[in-house]
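Structure file query01.cif; described as mmCIF, N, CA and C atoms.
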```cif
data_final
loop_
_atom_site.label_atom_id
_atom_site.label_comp_id
_atom_site.auth_asym_id
_atom_site.auth_seq_id
_atom_site.Cartn_x
_atom_site.Cartn_y
_atom_site.Cartn_z
N MET W 249 146.92 -266.88 112.90
CA MET W 249 147.83 -265.87 112.40
C MET W 249 147.48 -265.50 110.95
N ARG W 250 147.17 -266.51 110.14
CA ARG W 250 146.83 -266.27 108.74
C ARG W 250 145.58 -265.38 108.65
N ARG W 251 144.59 -265.65 109.49
CA ARG W 251 143.35 -264.86 109.49
C ARG W 251 143.63 -263.41 109.86
N LEU W 252 144.53 -263.21 110.80
CA LEU W 252 144.89 -261.86 111.22
C LEU W 252 145.55 -261.11 110.06
N CYS W 253 146.44 -261.77 109.33
CA CYS W 253 147.09 -261.14 108.18
C CYS W 253 146.07 -260.77 107.10
N VAL W 254 145.16 -261.67 106.82
CA VAL W 254 144.13 -261.41 105.81
C VAL W 254 143.25 -260.24 106.26
N LEU W 255 142.88 -260.22 107.53
CA LEU W 255 142.06 -259.13 108.06
C LEU W 255 142.78 -257.79 107.92
N LEU W 256 144.06 -257.76 108.27
CA LEU W 256 144.84 -256.52 108.15
C LEU W 256 144.94 -256.07 106.69
N LEU W 257 145.11 -257.00 105.78
CA LEU W 257 145.16 -256.65 104.36
C LEU W 257 143.84 -256.07 103.88
N LEU W 258 142.75 -256.65 104.32
CA LEU W 258 141.43 -256.15 103.92
C LEU W 258 141.16 -254.75 104.47
N ILE W 259 141.62 -254.51 105.67
CA ILE W 259 141.44 -253.18 106.27
C ILE W 259 142.28 -252.15 105.53
N ALA W 260 143.51 -252.50 105.18
CA ALA W 260 144.42 -251.56 104.52
C ALA W 260 144.13 -251.39 103.04
N ALA W 261 143.48 -252.33 102.41
CA ALA W 261 143.27 -252.29 100.96
C ALA W 261 142.57 -251.04 100.45
N PRO W 262 141.47 -250.58 101.06
CA PRO W 262 140.83 -249.37 100.54
C PRO W 262 141.77 -248.17 100.52
N ALA W 263 142.64 -248.05 101.50
CA ALA W 263 143.58 -246.93 101.51
C ALA W 263 144.56 -247.02 100.35
N VAL W 264 144.97 -248.24 100.02
CA VAL W 264 145.89 -248.43 98.90
C VAL W 264 145.20 -248.12 97.59
N TRP W 265 143.96 -248.57 97.42
CA TRP W 265 143.24 -248.34 96.18
C TRP W 265 142.86 -246.88 95.98
N ALA W 266 142.62 -246.17 97.06
CA ALA W 266 142.14 -244.80 96.96
C ALA W 266 143.17 -243.88 96.30
N GLY W 267 144.43 -244.06 96.64
CA GLY W 267 145.48 -243.22 96.07
C GLY W 267 145.46 -241.82 96.65
N GLU W 268 146.58 -241.43 97.21
CA GLU W 268 146.72 -240.07 97.72
C GLU W 268 147.70 -239.35 96.81
N PHE W 269 147.30 -238.22 96.31
CA PHE W 269 148.13 -237.47 95.37
C PHE W 269 148.52 -236.13 95.96
N ARG W 270 149.69 -235.69 95.61
CA ARG W 270 150.21 -234.38 95.95
C ARG W 270 150.91 -233.85 94.71
N SER W 271 151.52 -232.68 94.84
CA SER W 271 152.33 -232.16 93.74
C SER W 271 153.64 -231.64 94.29
N ILE W 272 154.59 -231.48 93.39
CA ILE W 272 155.88 -230.92 93.77
C ILE W 272 155.68 -229.43 94.04
N GLY W 273 156.20 -228.96 95.15
CA GLY W 273 155.94 -227.58 95.56
C GLY W 273 156.99 -226.57 95.14
N GLU W 274 158.14 -227.03 94.76
CA GLU W 274 159.23 -226.11 94.40
C GLU W 274 159.71 -226.41 93.00
N ASN W 275 160.45 -225.46 92.45
CA ASN W 275 161.09 -225.71 91.15
C ASN W 275 162.29 -226.63 91.34
N ALA W 276 162.55 -227.48 90.38
CA ALA W 276 163.75 -228.30 90.34
C ALA W 276 163.98 -229.11 91.61
N VAL W 277 163.07 -230.02 91.91
CA VAL W 277 163.20 -230.90 93.06
C VAL W 277 163.84 -232.21 92.60
N ILE W 278 164.87 -232.62 93.30
CA ILE W 278 165.58 -233.85 92.94
C ILE W 278 164.84 -235.06 93.50
N MET W 279 164.67 -236.07 92.66
CA MET W 279 164.05 -237.33 93.04
C MET W 279 165.16 -238.37 93.18
N TYR W 280 165.13 -239.15 94.27
CA TYR W 280 166.19 -240.09 94.59
C TYR W 280 165.72 -241.54 94.53
N ASP W 281 166.68 -242.48 94.48
CA ASP W 281 166.33 -243.90 94.45
C ASP W 281 166.21 -244.51 95.86
N ALA W 282 166.51 -243.72 96.88
CA ALA W 282 166.40 -244.16 98.28
C ALA W 282 166.17 -242.92 99.14
N PRO W 283 165.68 -243.11 100.36
CA PRO W 283 165.38 -241.96 101.22
C PRO W 283 166.62 -241.36 101.90
N SER W 284 167.49 -240.76 101.09
CA SER W 284 168.71 -240.14 101.60
C SER W 284 169.26 -239.16 100.57
N LEU W 285 169.82 -238.07 101.07
CA LEU W 285 170.46 -237.11 100.16
C LEU W 285 171.72 -237.69 99.52
N LYS W 286 172.23 -238.80 100.08
CA LYS W 286 173.41 -239.46 99.53
C LYS W 286 173.03 -240.54 98.51
N ALA W 287 171.74 -240.78 98.32
CA ALA W 287 171.28 -241.79 97.37
C ALA W 287 171.50 -241.29 95.94
N ASN W 288 171.31 -242.19 94.98
CA ASN W 288 171.45 -241.81 93.57
C ASN W 288 170.33 -240.88 93.15
N LYS W 289 170.69 -239.85 92.42
CA LYS W 289 169.70 -238.90 91.90
C LYS W 289 169.12 -239.49 90.62
N LEU W 290 167.78 -239.60 90.57
CA LEU W 290 167.12 -240.21 89.41
C LEU W 290 166.74 -239.19 88.35
N PHE W 291 166.05 -238.13 88.77
CA PHE W 291 165.63 -237.08 87.85
C PHE W 291 165.19 -235.87 88.64
N VAL W 292 164.91 -234.80 87.94
CA VAL W 292 164.44 -233.56 88.57
C VAL W 292 162.98 -233.37 88.17
N ALA W 293 162.14 -233.15 89.15
CA ALA W 293 160.71 -232.91 88.90
C ALA W 293 160.43 -231.42 89.04
N SER W 294 159.58 -230.91 88.17
CA SER W 294 159.27 -229.48 88.17
C SER W 294 158.09 -229.16 89.08
N LYS W 295 157.93 -227.89 89.37
CA LYS W 295 156.84 -227.40 90.21
C LYS W 295 155.49 -227.84 89.63
N LEU W 296 154.58 -228.24 90.49
CA LEU W 296 153.22 -228.68 90.19
C LEU W 296 153.14 -230.08 89.58
N TYR W 297 154.26 -230.77 89.42
CA TYR W 297 154.27 -232.13 88.89
C TYR W 297 153.52 -233.03 89.87
N PRO W 298 152.45 -233.71 89.43
CA PRO W 298 151.68 -234.55 90.36
C PRO W 298 152.39 -235.88 90.63
N VAL W 299 152.28 -236.34 91.87
CA VAL W 299 152.84 -237.63 92.26
C VAL W 299 151.84 -238.34 93.17
N GLU W 300 151.87 -239.65 93.13
CA GLU W 300 151.04 -240.47 94.00
C GLU W 300 151.88 -240.91 95.19
N ILE W 301 151.37 -240.71 96.39
CA ILE W 301 152.08 -241.09 97.61
C ILE W 301 151.98 -242.60 97.78
N ILE W 302 153.13 -243.24 97.97
CA ILE W 302 153.18 -244.69 98.20
C ILE W 302 153.40 -244.97 99.69
N VAL W 303 154.42 -244.35 100.26
CA VAL W 303 154.71 -244.55 101.68
C VAL W 303 155.51 -243.35 102.18
N GLN W 304 155.38 -243.08 103.49
CA GLN W 304 156.14 -242.00 104.11
C GLN W 304 157.00 -242.59 105.22
N VAL W 305 158.29 -242.22 105.20
CA VAL W 305 159.24 -242.69 106.19
C VAL W 305 160.02 -241.49 106.70
N ASP W 306 159.81 -241.14 107.95
CA ASP W 306 160.45 -239.98 108.55
C ASP W 306 160.23 -238.74 107.69
N ASN W 307 161.30 -238.13 107.17
CA ASN W 307 161.19 -236.90 106.39
C ASN W 307 161.16 -237.16 104.89
N TRP W 308 160.91 -238.41 104.49
CA TRP W 308 160.94 -238.80 103.09
C TRP W 308 159.62 -239.42 102.67
N THR W 309 159.30 -239.27 101.40
CA THR W 309 158.08 -239.85 100.84
C THR W 309 158.44 -240.58 99.55
N LYS W 310 157.97 -241.83 99.46
CA LYS W 310 158.14 -242.59 98.22
C LYS W 310 156.93 -242.31 97.36
N VAL W 311 157.17 -241.95 96.11
CA VAL W 311 156.09 -241.54 95.21
C VAL W 311 156.16 -242.30 93.89
N ARG W 312 155.02 -242.31 93.19
CA ARG W 312 154.94 -242.87 91.84
C ARG W 312 154.53 -241.73 90.91
N ASP W 313 155.13 -241.69 89.73
CA ASP W 313 154.78 -240.64 88.78
C ASP W 313 153.88 -241.19 87.67
N VAL W 314 153.56 -240.36 86.72
CA VAL W 314 152.65 -240.71 85.63
C VAL W 314 153.14 -241.91 84.83
N ALA W 315 154.45 -242.10 84.75
CA ALA W 315 155.01 -243.22 84.00
C ALA W 315 155.04 -244.51 84.82
N GLY W 316 154.67 -244.40 86.10
CA GLY W 316 154.69 -245.56 86.98
C GLY W 316 156.02 -245.75 87.69
N ASP W 317 156.95 -244.83 87.47
CA ASP W 317 158.27 -244.93 88.10
C ASP W 317 158.18 -244.53 89.57
N LEU W 318 158.97 -245.20 90.40
CA LEU W 318 159.01 -244.91 91.83
C LEU W 318 160.26 -244.12 92.16
N ALA W 319 160.14 -243.19 93.10
CA ALA W 319 161.27 -242.38 93.53
C ALA W 319 160.99 -241.87 94.94
N TRP W 320 162.03 -241.39 95.58
CA TRP W 320 161.92 -240.79 96.90
C TRP W 320 162.13 -239.29 96.79
N VAL W 321 161.36 -238.54 97.57
CA VAL W 321 161.49 -237.09 97.61
C VAL W 321 161.38 -236.65 99.07
N GLU W 322 162.08 -235.59 99.42
CA GLU W 322 161.95 -235.08 100.78
C GLU W 322 160.52 -234.59 100.99
N LYS W 323 159.93 -234.95 102.11
CA LYS W 323 158.54 -234.62 102.40
C LYS W 323 158.29 -233.12 102.32
N LYS W 324 159.25 -232.31 102.72
CA LYS W 324 159.10 -230.85 102.73
C LYS W 324 158.95 -230.27 101.32
N GLU W 325 159.33 -231.04 100.29
CA GLU W 325 159.25 -230.57 98.91
C GLU W 325 157.87 -230.79 98.28
N LEU W 326 156.98 -231.46 99.00
CA LEU W 326 155.65 -231.74 98.47
C LEU W 326 154.66 -230.66 98.90
N SER W 327 153.74 -230.37 98.02
CA SER W 327 152.70 -229.37 98.28
C SER W 327 151.36 -230.06 98.44
N ASP W 328 150.47 -229.46 99.20
CA ASP W 328 149.10 -229.97 99.32
C ASP W 328 148.26 -229.61 98.10
N THR W 329 148.79 -228.74 97.25
CA THR W 329 148.07 -228.36 96.03
C THR W 329 147.94 -229.59 95.14
N ARG W 330 146.71 -229.90 94.76
CA ARG W 330 146.46 -231.06 93.90
C ARG W 330 146.51 -230.62 92.44
N THR W 331 147.25 -231.37 91.66
CA THR W 331 147.34 -231.10 90.23
C THR W 331 147.14 -232.40 89.46
N VAL W 332 146.87 -232.25 88.18
CA VAL W 332 146.82 -233.38 87.26
C VAL W 332 147.74 -233.07 86.09
N LEU W 333 148.17 -234.12 85.42
CA LEU W 333 149.03 -233.98 84.25
C LEU W 333 148.24 -234.45 83.04
N VAL W 334 148.23 -233.65 81.99
CA VAL W 334 147.51 -234.01 80.77
C VAL W 334 148.22 -235.21 80.13
N THR W 335 147.46 -236.28 79.88
CA THR W 335 148.01 -237.48 79.25
C THR W 335 147.56 -237.61 77.80
N ALA W 336 146.47 -236.94 77.43
CA ALA W 336 146.01 -236.95 76.04
C ALA W 336 146.92 -236.06 75.21
N ALA W 337 146.98 -236.31 73.92
CA ALA W 337 147.80 -235.46 73.04
C ALA W 337 147.36 -234.00 73.16
N LEU W 338 146.05 -233.78 73.21
CA LEU W 338 145.48 -232.45 73.36
C LEU W 338 144.17 -232.59 74.12
N ALA W 339 144.09 -231.99 75.30
CA ALA W 339 142.89 -232.07 76.13
C ALA W 339 142.07 -230.80 75.99
N ASP W 340 140.77 -230.96 75.75
CA ASP W 340 139.85 -229.82 75.67
C ASP W 340 139.37 -229.46 77.07
N VAL W 341 139.51 -228.20 77.43
CA VAL W 341 139.01 -227.69 78.70
C VAL W 341 137.81 -226.81 78.37
N ARG W 342 136.65 -227.18 78.90
CA ARG W 342 135.38 -226.55 78.52
C ARG W 342 134.78 -225.74 79.66
N GLN W 343 133.85 -224.82 79.30
CA GLN W 343 133.21 -223.95 80.30
C GLN W 343 132.36 -224.73 81.29
N LYS W 344 131.74 -225.80 80.84
CA LYS W 344 130.88 -226.64 81.68
C LYS W 344 131.28 -228.10 81.48
N PRO W 345 130.91 -228.99 82.40
CA PRO W 345 131.24 -230.40 82.23
C PRO W 345 130.34 -231.08 81.20
N ASP W 346 130.53 -230.69 79.95
CA ASP W 346 129.70 -231.19 78.85
C ASP W 346 130.50 -231.06 77.56
N ASP W 347 130.50 -232.12 76.74
CA ASP W 347 131.26 -232.11 75.49
C ASP W 347 130.79 -231.04 74.51
N SER W 348 129.56 -230.57 74.66
CA SER W 348 129.06 -229.54 73.75
C SER W 348 129.25 -228.12 74.29
N ALA W 349 129.80 -227.99 75.49
CA ALA W 349 130.03 -226.67 76.09
C ALA W 349 131.15 -225.96 75.33
N PRO W 350 131.14 -224.63 75.35
CA PRO W 350 132.20 -223.87 74.66
C PRO W 350 133.60 -224.21 75.20
N LEU W 351 134.55 -224.22 74.30
CA LEU W 351 135.93 -224.50 74.64
C LEU W 351 136.57 -223.28 75.29
N VAL W 352 137.23 -223.48 76.44
CA VAL W 352 137.95 -222.39 77.11
C VAL W 352 139.39 -222.35 76.61
N PHE W 353 140.04 -223.51 76.62
CA PHE W 353 141.40 -223.64 76.09
C PHE W 353 141.71 -225.11 75.88
N GLN W 354 142.83 -225.37 75.23
CA GLN W 354 143.32 -226.73 75.05
C GLN W 354 144.68 -226.84 75.72
N ALA W 355 144.93 -227.98 76.33
CA ALA W 355 146.22 -228.20 77.00
C ALA W 355 146.91 -229.39 76.35
N ARG W 356 148.18 -229.22 76.06
CA ARG W 356 148.97 -230.28 75.44
C ARG W 356 149.42 -231.32 76.47
N GLN W 357 149.76 -232.48 75.97
CA GLN W 357 150.26 -233.56 76.81
C GLN W 357 151.46 -233.07 77.64
N GLY W 358 151.44 -233.42 78.93
CA GLY W 358 152.53 -233.04 79.82
C GLY W 358 152.31 -231.76 80.59
N VAL W 359 151.23 -231.03 80.29
CA VAL W 359 150.94 -229.79 81.00
C VAL W 359 150.27 -230.12 82.34
N ALA W 360 150.73 -229.47 83.41
CA ALA W 360 150.13 -229.65 84.73
C ALA W 360 149.02 -228.62 84.92
N LEU W 361 147.89 -229.08 85.43
CA LEU W 361 146.74 -228.22 85.71
C LEU W 361 146.35 -228.38 87.17
N GLU W 362 146.07 -227.29 87.84
CA GLU W 362 145.64 -227.35 89.24
C GLU W 362 144.19 -227.81 89.32
N ILE W 363 143.91 -228.70 90.25
CA ILE W 363 142.54 -229.16 90.46
C ILE W 363 141.79 -228.11 91.27
N VAL W 364 140.66 -227.65 90.73
CA VAL W 364 139.82 -226.69 91.43
C VAL W 364 138.70 -227.41 92.17
N GLU W 365 138.15 -228.44 91.50
CA GLU W 365 137.00 -229.15 92.08
C GLU W 365 136.91 -230.56 91.49
N LEU W 366 136.68 -231.52 92.38
CA LEU W 366 136.44 -232.90 91.95
C LEU W 366 134.95 -233.19 92.06
N GLY W 367 134.50 -234.25 91.42
CA GLY W 367 133.14 -234.70 91.63
C GLY W 367 132.13 -234.28 90.59
N ALA W 368 132.55 -233.93 89.41
CA ALA W 368 131.61 -233.58 88.35
C ALA W 368 131.48 -234.77 87.39
N GLY W 369 131.26 -235.96 87.96
CA GLY W 369 131.15 -237.16 87.14
C GLY W 369 132.48 -237.46 86.48
N PRO W 370 132.49 -237.64 85.16
CA PRO W 370 133.75 -237.93 84.47
C PRO W 370 134.56 -236.68 84.18
N TRP W 371 134.22 -235.56 84.81
CA TRP W 371 134.90 -234.29 84.56
C TRP W 371 135.60 -233.80 85.83
N VAL W 372 136.63 -232.99 85.64
CA VAL W 372 137.37 -232.37 86.73
C VAL W 372 137.51 -230.90 86.40
N LYS W 373 137.20 -230.04 87.38
CA LYS W 373 137.39 -228.61 87.15
C LYS W 373 138.85 -228.29 87.45
N VAL W 374 139.53 -227.65 86.48
CA VAL W 374 140.96 -227.36 86.59
C VAL W 374 141.24 -225.89 86.28
N ARG W 375 142.45 -225.47 86.68
CA ARG W 375 142.90 -224.11 86.39
C ARG W 375 144.31 -224.19 85.83
N HIS W 376 144.53 -223.48 84.73
CA HIS W 376 145.86 -223.37 84.13
C HIS W 376 146.64 -222.32 84.90
N ARG W 377 147.95 -222.38 84.86
CA ARG W 377 148.78 -221.41 85.61
C ARG W 377 148.57 -219.97 85.16
N ASP W 378 148.01 -219.77 83.94
CA ASP W 378 147.75 -218.40 83.48
C ASP W 378 146.40 -217.88 83.98
N GLY W 379 145.66 -218.71 84.73
CA GLY W 379 144.40 -218.27 85.35
C GLY W 379 143.14 -218.79 84.71
N GLN W 380 143.21 -219.28 83.48
CA GLN W 380 142.02 -219.81 82.83
C GLN W 380 141.59 -221.10 83.53
N SER W 381 140.26 -221.27 83.66
CA SER W 381 139.76 -222.50 84.29
C SER W 381 138.57 -223.05 83.51
N GLY W 382 138.33 -224.32 83.73
CA GLY W 382 137.23 -225.00 83.08
C GLY W 382 137.25 -226.48 83.43
N TYR W 383 136.53 -227.27 82.66
CA TYR W 383 136.37 -228.69 82.94
C TYR W 383 137.07 -229.54 81.89
N VAL W 384 137.80 -230.54 82.36
CA VAL W 384 138.49 -231.47 81.48
C VAL W 384 138.00 -232.88 81.82
N ARG W 385 137.93 -233.74 80.83
CA ARG W 385 137.54 -235.13 81.06
C ARG W 385 138.61 -235.83 81.89
N ALA W 386 138.19 -236.57 82.91
CA ALA W 386 139.11 -237.26 83.80
C ALA W 386 139.99 -238.27 83.08
N ASN W 387 139.51 -238.83 81.98
CA ASN W 387 140.30 -239.83 81.27
C ASN W 387 141.40 -239.19 80.39
N GLN W 388 141.51 -237.87 80.40
CA GLN W 388 142.55 -237.18 79.64
C GLN W 388 143.69 -236.66 80.52
N VAL W 389 143.60 -236.97 81.83
CA VAL W 389 144.60 -236.49 82.78
C VAL W 389 144.99 -237.61 83.74
N TRP W 390 146.13 -237.43 84.43
CA TRP W 390 146.59 -238.36 85.45
C TRP W 390 146.81 -237.59 86.73
N GLY W 391 146.43 -238.23 87.86
CA GLY W 391 146.66 -237.63 89.16
C GLY W 391 145.42 -237.56 90.03
N LEU W 392 144.42 -238.36 89.67
CA LEU W 392 143.15 -238.35 90.42
C LEU W 392 143.05 -239.53 91.37
#
```
Please, can you express the file's structure as structure tokens?
Amino acid sequence: MRRLCVLLLLIAAPAVWAGEFRSIGENAVIMYDAPSLKANKLFVASKLYPVEIIVQVDNWTKVRDVAGDLAWVEKKELSDTRTVLVTAALADVRQKPDDSAPLVFQARQGVALEIVELGAGPWVKVRHRDGQSGYVRANQVWGL
């Protein structure tokens, strides 16, 4: 029995480490402390706010936010749009994935950026809600 448990943990571990992220799809979505509309309301998350999926139960999803806090949200309120949240005081978004590339814009801490493309090494191609896009260093954002 012990071997079976260890085997199951080893099989499930890569899925846990990989992390699945989504974003809030609507404005003013209420986050709860349990999977029920009658549960305590914890806070309101804004549109495009990135969350990490922890577990899904029926029509509810338990998520973790940038601060590491856990909450429940109705599954229908989540979007497949991937976003990141700027964690650096000021993140430089550049034309190319290179520190010497021209600056496109800067994003302040707490700004959500849509992910356009992953896989540029330590860089992520992002788009601001006003349409500007470029590359930001992965260590300056959360939600990957």
Quick check on the file I pasted: which residues fall under the PyMOL selection byres ((chain W and resi 279) around 6.5)? Write them as a PDB file with N, CA and C atoms, in the coordinates of the input.
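Just written: part.pdb:
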```pdb
ATOM      1  N   VAL W 277     163.070-230.020  91.910  1.00  0.00           N
ATOM      2  CA  VAL W 277     163.200-230.900  93.060  1.00  0.00           C
ATOM      3  C   VAL W 277     163.840-232.210  92.600  1.00  0.00           C
ATOM      4  N   ILE W 278     164.870-232.620  93.300  1.00  0.00           N
ATOM      5  CA  ILE W 278     165.580-233.850  92.940  1.00  0.00           C
ATOM      6  C   ILE W 278     164.840-235.060  93.500  1.00  0.00           C
ATOM      7  N   TYR W 280     165.130-239.150  94.270  1.00  0.00           N
ATOM      8  CA  TYR W 280     166.190-240.090  94.590  1.00  0.00           C
ATOM      9  C   TYR W 280     165.720-241.540  94.530  1.00  0.00           C
ATOM     10  N   ASP W 281     166.680-242.480  94.480  1.00  0.00           N
ATOM     11  CA  ASP W 281     166.330-243.900  94.450  1.00  0.00           C
ATOM     12  C   ASP W 281     166.210-244.510  95.860  1.00  0.00           C
ATOM     13  N   ASN W 288     171.310-242.190  94.980  1.00  0.00           N
ATOM     14  CA  ASN W 288     171.450-241.810  93.570  1.00  0.00           C
ATOM     15  C   ASN W 288     170.330-240.880  93.150  1.00  0.00           C
ATOM     16  N   LYS W 289     170.690-239.850  92.420  1.00  0.00           N
ATOM     17  CA  LYS W 289     169.700-238.900  91.900  1.00  0.00           C
ATOM     18  C   LYS W 289     169.120-239.490  90.620  1.00  0.00           C
ATOM     19  N   LEU W 290     167.780-239.600  90.570  1.00  0.00           N
ATOM     20  CA  LEU W 290     167.120-240.210  89.410  1.00  0.00           C
ATOM     21  C   LEU W 290     166.740-239.190  88.350  1.00  0.00           C
ATOM     22  N   PHE W 291     166.050-238.130  88.770  1.00  0.00           N
ATOM     23  CA  PHE W 291     165.630-237.080  87.850  1.00  0.00           C
ATOM     24  C   PHE W 291     165.190-235.870  88.640  1.00  0.00           C
ATOM     25  N   VAL W 292     164.910-234.800  87.940  1.00  0.00           N
ATOM     26  CA  VAL W 292     164.440-233.560  88.570  1.00  0.00           C
ATOM     27  C   VAL W 292     162.980-233.370  88.170  1.00  0.00           C
ATOM     28  N   ALA W 293     162.140-233.150  89.150  1.00  0.00           N
ATOM     29  CA  ALA W 293     160.710-232.910  88.900  1.00  0.00           C
ATOM     30  C   ALA W 293     160.430-231.420  89.040  1.00  0.00           C
ATOM     31  N   ALA W 319     160.140-243.190  93.100  1.00  0.00           N
ATOM     32  CA  ALA W 319     161.270-242.380  93.530  1.00  0.00           C
ATOM     33  C   ALA W 319     160.990-241.870  94.940  1.00  0.00           C
ATOM     34  N   TRP W 320     162.030-241.390  95.580  1.00  0.00           N
ATOM     35  CA  TRP W 320     161.920-240.790  96.900  1.00  0.00           C
ATOM     36  C   TRP W 320     162.130-239.290  96.790  1.00  0.00           C
ATOM     37  N   VAL W 321     161.360-238.540  97.570  1.00  0.00           N
ATOM     38  CA  VAL W 321     161.490-237.090  97.610  1.00  0.00           C
ATOM     39  C   VAL W 321     161.380-236.650  99.070  1.00  0.00           C
TER      40      VAL W 321
END
```
- Message: Just the number, please: distance in Å from atom C of Asp317 (chain W) to atom C of Leu333 (chain W), one decimal.
- Response: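 Atom-to-atom, atom C of Asp317 (chain W) to atom C of Leu333 (chain W), that is 15.6 Å.
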- the PyMOL selection byres ((chain W and resi 312) around 8) on the file shown: which residues, as an MDAnalysis selection string? chainID W and resid 298:303 309:311 313:320
- Message: Please determine, counting all atoms listed in the file, which residue among W:Gly391, W:Pro345, W:Pro350, W:Gly358 has the shortest atom-to-atom distance to Lys373 (chain W).
- Response: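 That would be W:Pro345, the residue with the smallest distance to Lys373 (chain W).
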- Quick one: distance from CA of Ala355 (chain W) to CA of Arg375 (chain W) in Å, one decimal?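 Computed distance, CA of Ala355 (chain W) to CA of Arg375 (chain W), equals 10.8 Å.
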- Gln380 (chain W) surroundings by all atoms listed in the file, 8 Å radius, close-in-sequence under 6 positions cut, as JSON, numbers by chain: {"W": [352, 353, 374]}
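We find CA of Ile272 (chain W) and atom N of Ala360 (chain W) to be spaced 11.7 Å apart.
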- Message: Neighbouring residues of Tyr297 (chain W) were defined as those with any atom within 6 Å, considering only N, CA and C atoms; residues of the same chain fewer than 3 positions away were excluded. Please report them as a PyMOL selection string.
- Response: chain W and resi 270-272+294
- Selection result of the PyMOL selection byres (((chain W and resi 328 and name CA) around 10) and name CA) on this file, as a PyMOL selection string: chain W and resi 269-273+326-327+329-331
Residues of the last selection are to be written out with N, CA and C atoms, as a compact mmCIF listing (two decimals), keeping the file's coordinate frame.
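Output file result38.txt follows:
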```txt
# COMPACT_ATOMS: atom_id res chain seq x y z
N PHE W 269 147.30 -238.22 96.31
CA PHE W 269 148.13 -237.47 95.37
C PHE W 269 148.52 -236.13 95.96
N ARG W 270 149.69 -235.69 95.61
CA ARG W 270 150.21 -234.38 95.95
C ARG W 270 150.91 -233.85 94.71
N SER W 271 151.52 -232.68 94.84
CA SER W 271 152.33 -232.16 93.74
C SER W 271 153.64 -231.64 94.29
N ILE W 272 154.59 -231.48 93.39
CA ILE W 272 155.88 -230.92 93.77
C ILE W 272 155.68 -229.43 94.04
N GLY W 273 156.20 -228.96 95.15
CA GLY W 273 155.94 -227.58 95.56
C GLY W 273 156.99 -226.57 95.14
N LEU W 326 156.98 -231.46 99.00
CA LEU W 326 155.65 -231.74 98.47
C LEU W 326 154.66 -230.66 98.90
N SER W 327 153.74 -230.37 98.02
CA SER W 327 152.70 -229.37 98.28
C SER W 327 151.36 -230.06 98.44
N THR W 329 148.79 -228.74 97.25
CA THR W 329 148.07 -228.36 96.03
C THR W 329 147.94 -229.59 95.14
N ARG W 330 146.71 -229.90 94.76
CA ARG W 330 146.46 -231.06 93.90
C ARG W 330 146.51 -230.62 92.44
N THR W 331 147.25 -231.37 91.66
CA THR W 331 147.34 -231.10 90.23
C THR W 331 147.14 -232.40 89.46
```
- Query: Could you name the residues that touch Asp346 (chain W) at 8 Å or less, counting only N, CA and C atoms, but leaving out those on the same chain fewer than 3 positions away, as a list in words?
  - Reply: Arg342, Gln343, Ala349, Pro350, Trp371, Tyr383 and Val384 of chain W
- Test item, strand (DSSP E or B) assignment across chain W, answer as a PyMOL selection string: chain W and resi 268-272+277-280+289-293+298-305+308-312+318-322+326-327+331-334+338-342+351-356+360-368+371-375+381-385+389-390
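Residues of chain W carrying a DSSP assignment of alpha helix (DSSP H), computed from the backbone, are Arg250, Arg251, Leu252, Cys253, Val254, Leu255, Leu256, Leu257, Leu258, Ile259, Ala260, Ala261, Pro262, Ala263, Val264, Trp265 and Ala266 of chain W.
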Selected residues written out with N, CA and C atoms, as a CSV table (one decimal), in the coordinates of the input:
```csv
chain,number,residue,atom,x,y,z
W,250,ARG,N,147.2,-266.5,110.1
W,250,ARG,CA,146.8,-266.3,108.7
W,250,ARG,C,145.6,-265.4,108.6
W,251,ARG,N,144.6,-265.6,109.5
W,251,ARG,CA,143.4,-264.9,109.5
W,251,ARG,C,143.6,-263.4,109.9
W,252,LEU,N,144.5,-263.2,110.8
W,252,LEU,CA,144.9,-261.9,111.2
W,252,LEU,C,145.6,-261.1,110.1
W,253,CYS,N,146.4,-261.8,109.3
W,253,CYS,CA,147.1,-261.1,108.2
W,253,CYS,C,146.1,-260.8,107.1
W,254,VAL,N,145.2,-261.7,106.8
W,254,VAL,CA,144.1,-261.4,105.8
W,254,VAL,C,143.2,-260.2,106.3
W,255,LEU,N,142.9,-260.2,107.5
W,255,LEU,CA,142.1,-259.1,108.1
W,255,LEU,C,142.8,-257.8,107.9
W,256,LEU,N,144.1,-257.8,108.3
W,256,LEU,CA,144.8,-256.5,108.2
W,256,LEU,C,144.9,-256.1,106.7
W,257,LEU,N,145.1,-257.0,105.8
W,257,LEU,CA,145.2,-256.6,104.4
W,257,LEU,C,143.8,-256.1,103.9
W,258,LEU,N,142.8,-256.6,104.3
W,258,LEU,CA,141.4,-256.2,103.9
W,258,LEU,C,141.2,-254.8,104.5
W,259,ILE,N,141.6,-254.5,105.7
W,259,ILE,CA,141.4,-253.2,106.3
W,259,ILE,C,142.3,-252.2,105.5
W,260,ALA,N,143.5,-252.5,105.2
W,260,ALA,CA,144.4,-251.6,104.5
W,260,ALA,C,144.1,-251.4,103.0
W,261,ALA,N,143.5,-252.3,102.4
W,261,ALA,CA,143.3,-252.3,101.0
W,261,ALA,C,142.6,-251.0,100.4
W,262,PRO,N,141.5,-250.6,101.1
W,262,PRO,CA,140.8,-249.4,100.5
W,262,PRO,C,141.8,-248.2,100.5
W,263,ALA,N,142.6,-248.0,101.5
W,263,ALA,CA,143.6,-246.9,101.5
W,263,ALA,C,144.6,-247.0,100.4
W,264,VAL,N,145.0,-248.2,100.0
W,264,VAL,CA,145.9,-248.4,98.9
W,264,VAL,C,145.2,-248.1,97.6
W,265,TRP,N,144.0,-248.6,97.4
W,265,TRP,CA,143.2,-248.3,96.2
W,265,TRP,C,142.9,-246.9,96.0
W,266,ALA,N,142.6,-246.2,97.1
W,266,ALA,CA,142.1,-244.8,97.0
W,266,ALA,C,143.2,-243.9,96.3
```
Extending 3 Å beyond the listed atoms of region 276-282 of chain W on each side, what axis-aligned box results? I want centre and edge lengths in Å to one decimal, as JSON.
```
{"center_x": 164.6, "center_y": -236.0, "center_z": 94.7, "size_x": 10.1, "size_y": 23.0, "size_z": 14.8}
```
